[in-house]
file input.cif (mmCIF, C-alpha atoms)
data_entry
loop_
_atom_site.label_atom_id
_atom_site.label_comp_id
_atom_site.auth_asym_id
_atom_site.auth_seq_id
_atom_site.Cartn_x
_atom_site.Cartn_y
_atom_site.Cartn_z
CA MET B 1 -14.22 20.81 23.65
CA PRO B 2 -15.00 20.38 27.37
CA ASP B 3 -12.01 19.58 29.56
CA ASP B 4 -13.49 16.34 30.86
CA VAL B 5 -13.74 14.80 27.39
CA PRO B 6 -10.52 12.89 26.72
CA HIS B 7 -8.83 13.89 23.47
CA THR B 8 -7.23 10.90 21.79
CA THR B 9 -3.85 11.37 20.19
CA ASN B 10 -3.50 10.81 16.47
CA ARG B 11 -1.80 7.49 17.19
CA ASP B 12 -4.94 6.29 18.99
CA ALA B 13 -7.52 7.84 16.67
CA GLY B 14 -9.50 5.86 14.09
CA ASP B 15 -8.83 6.37 10.39
CA GLU B 16 -12.05 8.28 9.77
CA ASP B 17 -11.39 10.55 12.74
CA LEU B 18 -7.91 11.27 11.38
CA MET B 19 -9.39 12.37 8.08
CA PHE B 20 -11.76 14.74 9.86
CA ARG B 21 -8.87 16.10 11.91
CA TYR B 22 -6.83 16.67 8.77
CA ARG B 23 -9.77 18.33 7.10
CA ASP B 24 -9.95 20.63 10.11
CA GLY B 25 -6.29 21.55 9.88
CA ASP B 26 -4.42 18.95 11.92
CA GLU B 27 -1.41 18.17 9.74
CA GLY B 28 -0.21 15.47 12.10
CA ALA B 29 -3.35 13.47 11.32
CA PHE B 30 -2.29 13.14 7.68
CA VAL B 31 1.20 12.12 8.73
CA GLU B 32 -0.38 9.36 10.83
CA ILE B 33 -2.55 8.19 7.93
CA VAL B 34 0.52 7.93 5.72
CA ARG B 35 2.37 6.03 8.43
CA ARG B 36 -0.48 3.53 8.76
CA TYR B 37 -1.15 2.91 5.10
CA LYS B 38 2.04 3.49 3.11
CA SER B 39 3.31 -0.05 3.44
CA LYS B 40 -0.11 -1.59 2.76
CA ILE B 41 -0.69 0.50 -0.35
CA VAL B 42 2.81 0.04 -1.75
CA SER B 43 2.58 -3.72 -1.17
CA THR B 44 -0.80 -4.07 -2.84
CA ALA B 45 0.26 -1.90 -5.78
CA TYR B 46 3.49 -3.84 -6.10
CA ARG B 47 1.66 -7.14 -6.35
CA VAL B 48 -0.86 -5.76 -8.82
CA LEU B 49 1.75 -4.05 -11.01
CA GLY B 50 4.81 -6.21 -10.43
CA ASP B 51 7.07 -3.14 -10.38
CA LEU B 52 8.35 -1.63 -7.15
CA ASP B 53 9.12 1.84 -8.50
CA LYS B 54 5.70 2.12 -10.10
CA ALA B 55 4.09 0.79 -6.91
CA GLU B 56 5.71 3.60 -4.92
CA ASP B 57 4.51 6.10 -7.52
CA VAL B 58 0.99 4.69 -7.24
CA ALA B 59 1.12 5.02 -3.46
CA GLN B 60 2.39 8.59 -3.74
CA GLU B 61 -0.43 9.48 -6.10
CA THR B 62 -2.93 7.75 -3.82
CA PHE B 63 -1.92 9.86 -0.83
CA ILE B 64 -1.90 13.00 -2.95
CA ARG B 65 -5.52 12.26 -3.90
CA VAL B 66 -6.42 11.60 -0.29
CA HIS B 67 -4.87 14.97 0.58
CA ARG B 68 -6.65 16.79 -2.25
CA ASN B 69 -10.01 15.27 -1.35
CA ALA B 70 -9.68 15.69 2.40
CA ALA B 71 -11.98 18.70 2.37
CA ARG B 72 -14.68 16.69 0.66
CA TYR B 73 -14.21 13.56 2.75
CA ARG B 74 -17.40 12.24 4.30
CA SER B 75 -17.61 9.05 6.28
CA ILE B 76 -19.86 7.40 3.72
CA ALA B 77 -17.38 4.58 3.41
CA LYS B 78 -14.81 3.00 5.63
CA PHE B 79 -11.56 4.88 5.14
CA SER B 80 -9.57 1.74 4.38
CA THR B 81 -12.04 0.82 1.63
CA TRP B 82 -11.86 4.34 0.22
CA ILE B 83 -8.07 4.48 0.07
CA TYR B 84 -7.83 1.00 -1.47
CA THR B 85 -10.37 2.07 -4.10
CA ILE B 86 -8.21 5.07 -4.97
CA ALA B 87 -5.05 2.97 -5.05
CA LEU B 88 -6.60 0.29 -7.29
CA ASN B 89 -7.88 2.94 -9.70
CA VAL B 90 -4.46 4.59 -9.89
CA ALA B 91 -2.82 1.20 -10.38
CA ARG B 92 -5.24 0.30 -13.17
CA ASN B 93 -4.51 3.61 -14.90
CA GLU B 94 -0.83 2.84 -14.59
CA LEU B 95 -1.36 -0.56 -16.21
CA ARG B 96 -3.35 1.00 -19.04
CA ASN B 97 -0.87 3.83 -19.60
CA THR B 98 2.20 1.69 -19.79
CA LYS B 99 0.38 -1.05 -21.71
CA ARG B 100 2.86 -3.36 -20.23
CA LYS B 101 1.86 -6.73 -19.00
CA ARG B 102 5.01 -8.33 -17.94
CA LEU B 103 4.95 -12.08 -18.01
CA VAL B 104 7.43 -13.49 -15.61
CA SER B 105 8.73 -16.95 -16.14
CA LEU B 106 7.82 -19.11 -13.23
CA ASP B 107 10.64 -21.43 -14.12
CA ALA B 108 13.09 -18.59 -13.92
CA PHE B 109 11.85 -17.63 -10.49
CA GLY B 110 11.87 -21.17 -9.30
CA ALA B 111 15.48 -21.53 -10.35
CA ASP B 112 16.70 -18.14 -9.25
CA ALA B 113 14.96 -16.61 -6.29
CA ASP B 114 17.64 -13.92 -6.14
CA ALA B 115 15.92 -12.29 -9.09
CA GLU B 116 13.31 -11.01 -6.63
CA PRO B 117 13.66 -7.43 -5.46
CA SER B 118 15.44 -7.60 -2.15
CA THR B 119 13.59 -4.65 -0.66
CA PHE B 120 10.75 -6.67 0.72
CA GLU B 121 12.83 -9.50 1.97
CA ILE B 122 12.64 -9.64 5.73
CA PRO B 123 15.11 -12.11 7.12
CA ASP B 124 13.64 -14.43 9.68
CA GLU B 125 16.20 -14.32 12.47
CA SER B 126 14.76 -17.44 14.04
CA ALA B 127 15.03 -19.59 10.92
CA PRO B 128 18.26 -21.43 10.18
CA PRO B 129 20.01 -20.40 6.95
CA ASP B 130 18.75 -23.38 4.95
CA GLN B 131 15.20 -22.79 6.07
CA GLU B 132 15.47 -19.09 5.27
CA ALA B 133 16.75 -19.85 1.77
CA GLU B 134 13.85 -22.22 1.26
CA ASN B 135 11.34 -19.65 2.52
CA LYS B 136 12.85 -17.07 0.21
CA GLN B 137 12.53 -19.36 -2.78
CA LEU B 138 8.95 -20.18 -1.85
CA ARG B 139 8.06 -16.50 -1.57
CA GLY B 140 9.63 -15.92 -4.97
CA ILE B 141 7.46 -18.66 -6.48
CA PHE B 142 4.34 -17.22 -4.86
CA GLU B 143 5.10 -13.68 -5.99
CA ALA B 144 5.75 -14.82 -9.54
CA ALA B 145 2.52 -16.83 -9.61
CA ILE B 146 0.53 -13.82 -8.43
CA ARG B 147 2.03 -11.75 -11.23
CA LYS B 148 1.04 -14.40 -13.74
CA LEU B 149 -2.62 -14.27 -12.78
CA PRO B 150 -4.89 -12.34 -15.16
CA ALA B 151 -5.44 -8.79 -13.86
CA ARG B 152 -9.02 -9.31 -12.67
CA TYR B 153 -8.02 -12.40 -10.71
CA ARG B 154 -4.79 -10.88 -9.45
CA GLU B 155 -6.65 -7.98 -7.85
CA VAL B 156 -9.07 -10.13 -5.88
CA PHE B 157 -6.38 -12.63 -4.94
CA VAL B 158 -4.13 -9.92 -3.52
CA LEU B 159 -6.95 -8.19 -1.68
CA ARG B 160 -8.34 -11.41 -0.21
CA ASP B 161 -5.41 -13.77 0.23
CA VAL B 162 -2.56 -11.38 0.86
CA ASP B 163 -4.24 -8.31 2.36
CA ASP B 164 -6.95 -10.32 4.14
CA LEU B 165 -9.86 -8.06 3.19
CA SER B 166 -13.43 -9.32 3.48
CA TYR B 167 -15.70 -10.13 0.54
CA GLU B 168 -17.79 -7.06 1.38
CA GLU B 169 -14.77 -4.76 1.37
CA ILE B 170 -13.51 -6.17 -1.92
CA ALA B 171 -16.95 -5.80 -3.51
CA GLU B 172 -17.01 -2.17 -2.45
CA ILE B 173 -13.46 -1.46 -3.64
CA LEU B 174 -13.96 -3.10 -7.04
CA ARG B 175 -17.60 -1.97 -7.32
CA VAL B 176 -18.81 -5.42 -8.27
CA PRO B 177 -21.46 -7.61 -6.59
CA LYS B 178 -20.37 -9.86 -3.75
CA GLY B 179 -21.26 -12.92 -5.82
CA THR B 180 -18.83 -11.78 -8.51
CA VAL B 181 -16.11 -11.38 -5.89
CA LYS B 182 -16.78 -14.90 -4.63
CA SER B 183 -16.57 -16.49 -8.07
CA ARG B 184 -13.46 -14.50 -9.02
CA ILE B 185 -11.70 -15.50 -5.82
CA ASN B 186 -12.59 -19.12 -6.48
CA ARG B 187 -11.14 -18.99 -10.01
CA ALA B 188 -8.13 -16.93 -8.92
CA ARG B 189 -7.24 -19.53 -6.30
CA GLN B 190 -7.61 -22.36 -8.78
CA ARG B 191 -5.30 -20.58 -11.22
CA PHE B 192 -2.85 -19.77 -8.46
CA ARG B 193 -2.75 -23.40 -7.46
CA GLU B 194 -2.28 -24.56 -11.05
CA LEU B 195 0.70 -22.23 -11.34
CA VAL B 196 2.39 -23.06 -8.06
CA GLU B 197 1.84 -26.78 -7.53
CA PRO B 198 3.79 -28.05 -10.55
CA ILE B 199 6.82 -26.07 -9.36
CA LEU B 200 6.56 -27.35 -5.82
CA GLY B 201 6.45 -30.90 -7.10
CA GLU B 202 2.99 -31.67 -5.83
CA THR B 203 0.67 -33.58 -8.07
CA PRO B 204 -2.92 -32.49 -8.06
CA GLY B 205 -5.42 -35.11 -7.04
CA PRO B 206 -7.76 -36.91 -9.45
CA MET C 1 -18.08 -39.72 -14.69
CA ASP C 2 -19.16 -41.98 -11.82
CA THR C 3 -20.91 -40.78 -8.70
CA LYS C 4 -17.75 -40.63 -6.60
CA SER C 5 -15.92 -38.58 -9.21
CA LYS C 6 -18.88 -36.22 -9.40
CA THR C 7 -18.89 -35.81 -5.65
CA CYS C 8 -15.14 -35.24 -5.66
CA LYS C 9 -15.48 -32.56 -8.32
CA LYS C 10 -18.29 -30.87 -6.45
CA THR C 11 -16.28 -30.95 -3.24
CA ARG C 12 -13.27 -29.40 -4.94
CA ASP C 13 -15.42 -26.64 -6.37
CA TRP C 14 -16.33 -25.85 -2.79
CA PHE C 15 -12.75 -25.59 -1.50
CA SER C 16 -12.62 -21.80 -1.75
CA SER C 17 -16.04 -21.14 -0.22
CA TYR C 18 -15.48 -23.63 2.57
CA TYR C 19 -12.08 -22.12 3.34
CA ASP C 20 -13.66 -18.66 3.64
CA GLY C 21 -16.59 -19.95 5.66
CA VAL C 22 -19.18 -18.82 3.14
CA LEU C 23 -20.56 -22.24 2.30
CA SER C 24 -24.10 -22.94 3.53
CA LYS C 25 -24.52 -25.08 6.64
CA ASN C 26 -25.91 -28.01 4.66
CA ASP C 27 -23.16 -27.89 2.06
CA SER C 28 -20.53 -27.55 4.77
CA SER C 29 -21.83 -30.74 6.39
CA ARG C 30 -21.69 -32.58 3.06
CA PHE C 31 -18.19 -31.20 2.50
CA ASP C 32 -16.98 -32.44 5.91
CA GLU C 33 -18.61 -35.80 5.34
CA HIS C 34 -16.92 -36.28 1.97
CA LEU C 35 -13.51 -35.25 3.25
CA ARG C 36 -13.74 -37.83 6.03
CA ALA C 37 -14.46 -40.53 3.45
CA CYS C 38 -12.10 -39.43 0.65
CA PRO C 39 -8.35 -39.27 1.47
CA SER C 40 -7.59 -37.89 -1.98
CA CYS C 41 -9.88 -34.86 -1.55
CA LYS C 42 -8.69 -34.42 2.03
CA SER C 43 -5.09 -34.33 0.86
CA SER C 44 -5.97 -31.95 -1.96
CA TYR C 45 -7.78 -29.61 0.43
CA ASP C 46 -4.84 -29.64 2.84
CA ARG C 47 -2.48 -28.60 0.05
CA PHE C 48 -4.95 -25.91 -1.04
CA THR C 49 -5.09 -24.39 2.44
CA ALA C 50 -1.32 -24.62 2.85
CA LEU C 51 -0.81 -22.59 -0.33
CA LEU C 52 -3.24 -19.91 0.76
CA ARG C 53 -1.73 -19.71 4.22
CA GLY C 54 1.63 -19.28 2.51
CA ALA C 55 0.29 -16.42 0.38
CA ARG C 56 -0.91 -14.68 3.51
CA THR C 57 2.57 -14.68 4.97
CA LEU C 58 4.08 -12.77 2.06
CA PRO C 59 5.86 -9.82 3.64
CA ARG C 60 4.83 -6.23 3.18
CA VAL C 61 7.03 -4.01 1.09
CA ARG C 62 9.01 -1.75 3.37
CA THR C 63 9.39 1.85 2.39
CA GLY C 64 12.02 4.13 3.81
CA PRO C 65 11.56 7.61 5.27
CA GLU C 66 12.25 9.05 1.84
CA PHE C 67 8.71 8.02 0.91
CA GLU C 68 7.20 10.55 3.31
CA ALA C 69 9.85 13.09 2.47
CA ARG C 70 9.02 12.90 -1.22
CA LEU C 71 5.27 12.98 -0.57
CA PHE C 72 5.33 15.91 1.83
CA ALA C 73 7.73 17.87 -0.37
CA ARG C 74 5.25 17.38 -3.23
CA ILE C 75 2.34 18.60 -1.11
CA ARG C 76 4.33 21.62 0.10
CA ALA C 77 5.23 22.44 -3.50
CA GLU C 78 1.60 22.06 -4.55
CA ARG C 79 0.44 24.44 -1.83
CA SER C 80 3.02 27.07 -2.67
CA ALA C 81 2.30 26.88 -6.42
CA PRO C 82 -0.01 29.56 -7.85
CA ALA C 83 -3.62 28.48 -8.17
CA ARG C 84 -4.43 26.78 -11.43
CA VAL C 85 -6.56 28.76 -13.84
CA SER C 86 -9.48 26.83 -15.26
CA TRP C 87 -10.23 26.71 -18.96
CA TRP C 88 -13.16 29.06 -18.74
CA GLN C 89 -11.05 31.63 -16.90
CA GLU C 90 -8.48 31.39 -19.69
CA LEU C 91 -11.25 31.80 -22.23
CA ALA C 92 -12.53 34.86 -20.46
CA ARG C 93 -9.18 36.58 -20.99
CA ILE C 94 -9.43 36.39 -24.78
CA PRO C 95 -10.84 39.64 -26.19
CA LEU C 96 -13.94 38.94 -28.29
CA PRO C 97 -15.84 41.12 -30.75
CA VAL C 98 -18.82 42.74 -29.03
CA PRO C 99 -21.59 40.67 -30.69
CA ILE C 100 -19.85 37.35 -29.91
CA GLY C 101 -19.10 38.51 -26.39
CA ALA C 102 -22.70 39.50 -25.86
CA ALA C 103 -23.91 36.16 -27.19
CA ALA C 104 -21.50 34.36 -24.90
CA VAL C 105 -22.76 36.33 -21.89
CA VAL C 106 -26.36 35.44 -22.78
CA LEU C 107 -25.48 31.77 -23.20
CA LEU C 108 -23.63 31.71 -19.89
CA ALA C 109 -26.57 33.40 -18.18
CA VAL C 110 -28.99 30.81 -19.58
CA PHE C 111 -26.65 28.00 -18.58
CA ALA C 112 -26.26 29.40 -15.07
CA TYR C 113 -30.03 29.84 -14.73
CA THR C 114 -30.69 26.24 -15.68
CA ARG C 115 -28.11 25.07 -13.15
CA VAL C 116 -29.65 26.97 -10.22
CA GLY C 117 -31.29 24.52 -7.87
CA VAL C 118 -29.54 21.60 -9.47
CA ASP C 119 -26.10 22.03 -8.04
CA ARG C 120 -26.50 23.33 -4.54
CA ALA C 121 -23.83 21.18 -2.96
CA PRO C 122 -21.83 23.20 -0.45
CA ALA C 123 -18.37 24.26 -1.50
CA PRO C 124 -15.64 22.13 -0.01
CA ALA C 125 -13.96 23.48 3.04
CA PRO C 126 -10.49 24.89 2.41
CA SER C 127 -7.63 22.50 2.79
CA GLY C 128 -6.28 22.26 6.30
CA ALA C 129 -4.15 25.13 7.48
CA PRO C 130 -0.73 24.26 8.83
CA ALA C 131 -0.77 23.14 12.43
CA GLU C 132 0.71 25.65 14.83
CA THR C 133 2.98 23.25 16.59
CA VAL C 134 4.11 19.72 16.09
CA SER C 135 5.90 17.94 18.87
CA ARG C 136 9.53 17.25 18.13
CA PRO C 137 10.97 13.85 18.77
CA SER C 138 13.36 13.58 21.63
CA GLY C 139 16.94 14.02 20.56
CA ALA C 140 15.95 15.85 17.42
CA ASP C 141 17.72 19.07 18.40
CA ASP C 142 20.50 18.23 16.07
CA VAL C 143 22.02 19.78 13.04
CA PRO C 144 19.78 19.58 9.98
CA ILE C 145 21.25 17.71 7.07
CA ARG C 146 22.23 20.27 4.51
CA THR C 147 22.37 19.22 0.91
CA ASN C 148 25.95 20.38 0.50
CA THR C 149 27.20 18.60 3.59
CA ARG C 150 25.32 15.35 3.24
CA PRO C 151 27.42 12.26 2.82
CA SER C 152 26.94 10.13 -0.23
CA PHE C 153 25.22 7.34 1.65
CA LEU C 154 22.29 9.68 2.27
CA ASP C 155 21.80 10.30 -1.41
CA GLY C 156 18.40 8.71 -1.16
CA PHE C 157 17.29 11.78 0.74
CA GLU C 158 18.30 14.25 -1.89
CA ARG C 159 15.04 14.43 -3.77
CA GLY C 160 13.89 17.63 -2.11
CA SER C 161 14.77 20.13 0.54
CA ASP C 162 14.22 19.62 4.26
CA MET C 163 14.15 15.92 3.64
CA GLY C 164 15.06 14.87 7.11
CA ARG C 165 17.37 15.13 10.03
CA VAL C 166 19.71 12.55 11.37
CA VAL C 167 18.40 11.74 14.82
CA GLY C 168 20.42 8.77 15.78
CA ILE C 169 23.15 6.36 14.91
CA ASP C 170 23.53 2.82 16.00
CA LEU C 171 27.02 1.48 15.69
CA HIS C 172 26.52 -1.57 17.85
CA GLY C 173 22.94 -2.59 17.32
CA PRO C 174 21.65 -5.82 15.84
CA PRO C 175 21.99 -6.50 12.11
CA TYR C 176 19.24 -4.86 10.09
CA PRO C 177 17.34 -6.29 7.14
CA GLY C 178 19.51 -6.16 4.06
CA ASP C 179 22.40 -4.86 6.12
CA VAL C 180 25.47 -4.27 3.97
CA HIS C 181 27.60 -3.29 6.92
CA PRO C 182 26.42 -5.22 9.94
CA ARG C 183 25.90 -3.31 13.16
CA THR C 184 25.90 0.12 11.59
CA ALA C 185 22.83 2.13 10.75
CA VAL C 186 21.76 5.73 10.93
CA PHE C 187 18.25 6.84 11.66
CA VAL C 188 16.84 9.69 9.69
CA ALA C 189 13.60 11.31 10.72
CA PRO C 190 11.55 12.43 7.75
CA CYS C 191 10.10 15.90 8.17
CA ASP C 192 6.41 16.65 8.15
CA LEU C 193 4.58 19.15 6.00
CA ASN C 194 6.08 21.98 8.05
CA GLY C 195 9.64 20.65 7.89
CA VAL C 196 9.57 19.42 11.48
CA PRO C 197 11.02 15.95 12.15
CA LEU C 198 8.35 13.33 12.68
CA GLU C 199 8.16 11.24 15.79
CA GLY C 200 9.87 7.86 15.69
CA PRO C 201 10.38 5.00 15.50
CA TYR C 202 12.58 5.55 12.48
CA GLU C 203 13.61 3.15 9.80
CA PRO C 204 17.32 2.46 9.82
CA VAL C 205 19.25 3.76 6.85
CA LEU C 206 22.17 1.51 6.22
CA VAL C 207 25.55 2.98 5.62
CA GLU C 208 28.06 1.80 3.09
CA PRO C 209 31.00 -0.30 4.17
CA GLY C 210 33.85 1.88 5.30
CA THR C 211 31.67 4.78 6.31
CA ARG C 212 32.40 6.19 9.73
CA ALA C 213 30.31 8.45 11.85
CA ARG C 214 31.39 10.75 14.62
CA ARG C 215 29.14 11.79 17.43
CA GLY C 216 28.56 15.50 17.52
CA PRO C 217 28.25 17.92 20.44
CA ASN C 218 24.50 17.36 20.51
CA ALA C 219 24.86 13.67 21.18
CA ASP C 220 22.44 12.46 23.80
CA THR C 221 20.62 9.26 24.62
CA SER C 222 19.39 9.02 21.06
CA GLY C 223 22.96 9.28 19.84
CA ALA C 224 22.32 12.31 17.69
CA VAL C 225 25.17 13.06 15.34
CA ASP C 226 26.11 16.01 13.27
CA THR C 227 29.10 14.91 11.30
CA PHE C 228 29.77 12.05 8.97
CA THR C 229 33.02 11.26 7.30
CA SER C 230 33.89 8.67 4.74
CA ARG C 231 37.19 6.91 4.50
#
call {"tool": "encode", "arguments": {"input": "input.cif", "output": "structure tokens"}}
result
Amino acid sequence: MPDDVPHTTNRDAGDEDLMFRYRDGDEGAFVEIVRRYKSKIVSTAYRVLGDLDKAEDVAQETFIRVHRNAARYRSIAKFSTWIYTIALNVARNELRNTKRKRLVSLDAFGADADAEPSTFEIPDESAPPDQEAENKQLRGIFEAAIRKLPARYREVFVLRDVDDLSYEEIAEILRVPKGTVKSRINRARQRFRELVEPILGETPGP
Amino acid sequence: MDTKSKTCKKTRDWFSSYYDGVLSKNDSSRFDEHLRACPSCKSSYDRFTALLRGARTLPRVRTGPEFEARLFARIRAERSAPARVSWWQELARIPLPVPIGAAAVVLLAVFAYTRVGVDRAPAPAPSGAPAETVSRPSGADDVPIRTNTRPSFLDGFERGSDMGRVVGIDLHGPPYPGDVHPRTAVFVAPCDLNGVPLEGPYEPVLVEPGTRARRGPNADTSGAVDTFTSR
């Protein structure tokens, strides 16, 4: 590389560039990829599976697959889309293997927010204690409602409304047409609302 | 269903698309117009958006440095493991009677011939070789945590070897999320694929109540420590 071409550090490099660097032997590039995506992947897997330990296992397996396929990586897809696709596939396999579809009682969560795993609780230092308790309870209700959604709605809801991915990205990850994504998101949100509003004491309109 | 109810229903079917900005211009105009005229639908839409905004604020799951430690230990183990033998290599080791062996060779030759020209994809490049150097974080010249000297509160880092090095301790810092012993946390740097501590910032690892830490001879601005004692 000529001296006058600036070489970006791994911290500044794009995801795709990091994959090429790792493919070419830069171990630090993989470390950076893990740093960027571990929390995103564990969070998405957790909300799809409803089990923190399994979510971490899914994320581990996802990064192992990224590592194993680094040599074959081509920038045919955005890296973020590619890694989410892997993670969703691993999570679906996990669901199939365990054959466990845990149904969580919304009532139980509404009454006892402490039942939530504390690992993802981030105290809001600026909120007074009462407000923080209320926020915590609200988050518990939301998390429980997401877990109650049917799997095909839960996936799109998490990707769109929690992870903030675009319709195009979701269509690519789930390998379904954009129109299907749109209709699933619509139904998922309706179901989510039906689950949450009765607990919050809001009455739906006419 | 009267006309107003029909319009209300149609409008509510559009909530999701309108919220995402994927409704057509004409439909968006009709949507806006109806919401201005219908307080009930307006209120319903406001609650809808409030719920979705709430979902978007759900916090990310935080993972500790043991996540990387476990992952990199697994990759190191995978690299050092002997190469897996494929099923056809196993099959090739089984001694066969000459006629069957000859038939198998012929079949394989035919199969290989038919595949020529079909599968010309280049072989994948070998997995990345270890980097020669990885920069060490400042203050990382401390004593590695040895399994037999690790205190119990670092049990979470016991899943493999070279799991990490203590690079700092904060006895007077702010409370940390889920802090069981306010104002006390140690920082453990997970090691990379070569066993070298990663660059920070590091997640705090909270110590149990009653645990005390003593600064070691390598203490510097990062507060590196080499000894922990429990009461």
call {"tool": "resolve_selection", "arguments": {"input": "input.cif", "expression": "the PyMOL selection byres ((chain B) within 9 of (chain C))", "output": "PyMOL selection string"}}
result
chain B and resi 21-28+31+34-35+38-40+42-44+46+52+56+60-61+63-64+67-72+118-123+138-139+142-143+158+160-164+182+185-187+189-190+192-193+196-197+202+204-206
call {"tool": "resolve_selection", "arguments": {"input": "input.cif", "expression": "the PyMOL selection byres ((chain B and resi 81-84) around 9)", "output": "number ranges by chain"}}
result
B: 37, 41, 44, 62-63, 66, 77-80, 85-89, 169-170, 172-173
call {"tool": "write_last_selection", "arguments": {"input": "input.cif", "atoms": "C-alpha atoms", "output": "compact mmCIF listing (two decimals), in the coordinates of the input"}}
result
# COMPACT_ATOMS: atom_id res chain seq x y z
CA TYR B 37 -1.15 2.91 5.10
CA ILE B 41 -0.69 0.50 -0.35
CA THR B 44 -0.80 -4.07 -2.84
CA THR B 62 -2.93 7.75 -3.82
CA PHE B 63 -1.92 9.86 -0.83
CA VAL B 66 -6.42 11.60 -0.29
CA ALA B 77 -17.38 4.58 3.41
CA LYS B 78 -14.81 3.00 5.63
CA PHE B 79 -11.56 4.88 5.14
CA SER B 80 -9.57 1.74 4.38
CA THR B 85 -10.37 2.07 -4.10
CA ILE B 86 -8.21 5.07 -4.97
CA ALA B 87 -5.05 2.97 -5.05
CA LEU B 88 -6.60 0.29 -7.29
CA ASN B 89 -7.88 2.94 -9.70
CA GLU B 169 -14.77 -4.76 1.37
CA ILE B 170 -13.51 -6.17 -1.92
CA GLU B 172 -17.01 -2.17 -2.45
CA ILE B 173 -13.46 -1.46 -3.64
call {"tool": "atom_distance", "arguments": {"input": "input.cif", "atom1": "atom CA of Glu94 of chain B", "atom2": "atom CA of Leu18 of chain B"}}
result
28.2 Å
call {"tool": "residues_around", "arguments": {"input": "input.cif", "residues": "Lys178 of chain B", "least_positions_apart": "5", "cutoff": "7 Å", "atoms": "all atoms listed in the file", "output": "ChimeraX atom specification"}}
result
/B:167-168,171
call {"tool": "atom_distance", "arguments": {"input": "input.cif", "atom1": "atom CA of Pro198 of chain B", "atom2": "atom CA of Asp2 of chain C"}}
result
26.9 Å
call {"tool": "atom_distance", "arguments": {"input": "input.cif", "atom1": "atom CA of Tyr153 of chain B", "atom2": "atom CA of Lys6 of chain C"}}
result
26.2 Å
call {"tool": "closest_residue", "arguments": {"input": "input.cif", "among": "B:Arg184, B:Lys136, B:Arg154, B:Lys54", "to": "Leu95 of chain B", "atoms": "all atoms listed in the file"}}
result
B:Lys54
call {"tool": "residues_around", "arguments": {"input": "input.cif", "residues": "Ala151 of chain B", "least_positions_apart": "2", "cutoff": "12 Å", "atoms": "only C-alpha atoms", "output": "number ranges by chain"}}
result
B: 47-50, 88, 91-92, 95-96, 100-103, 146-149, 153-158, 184, 188
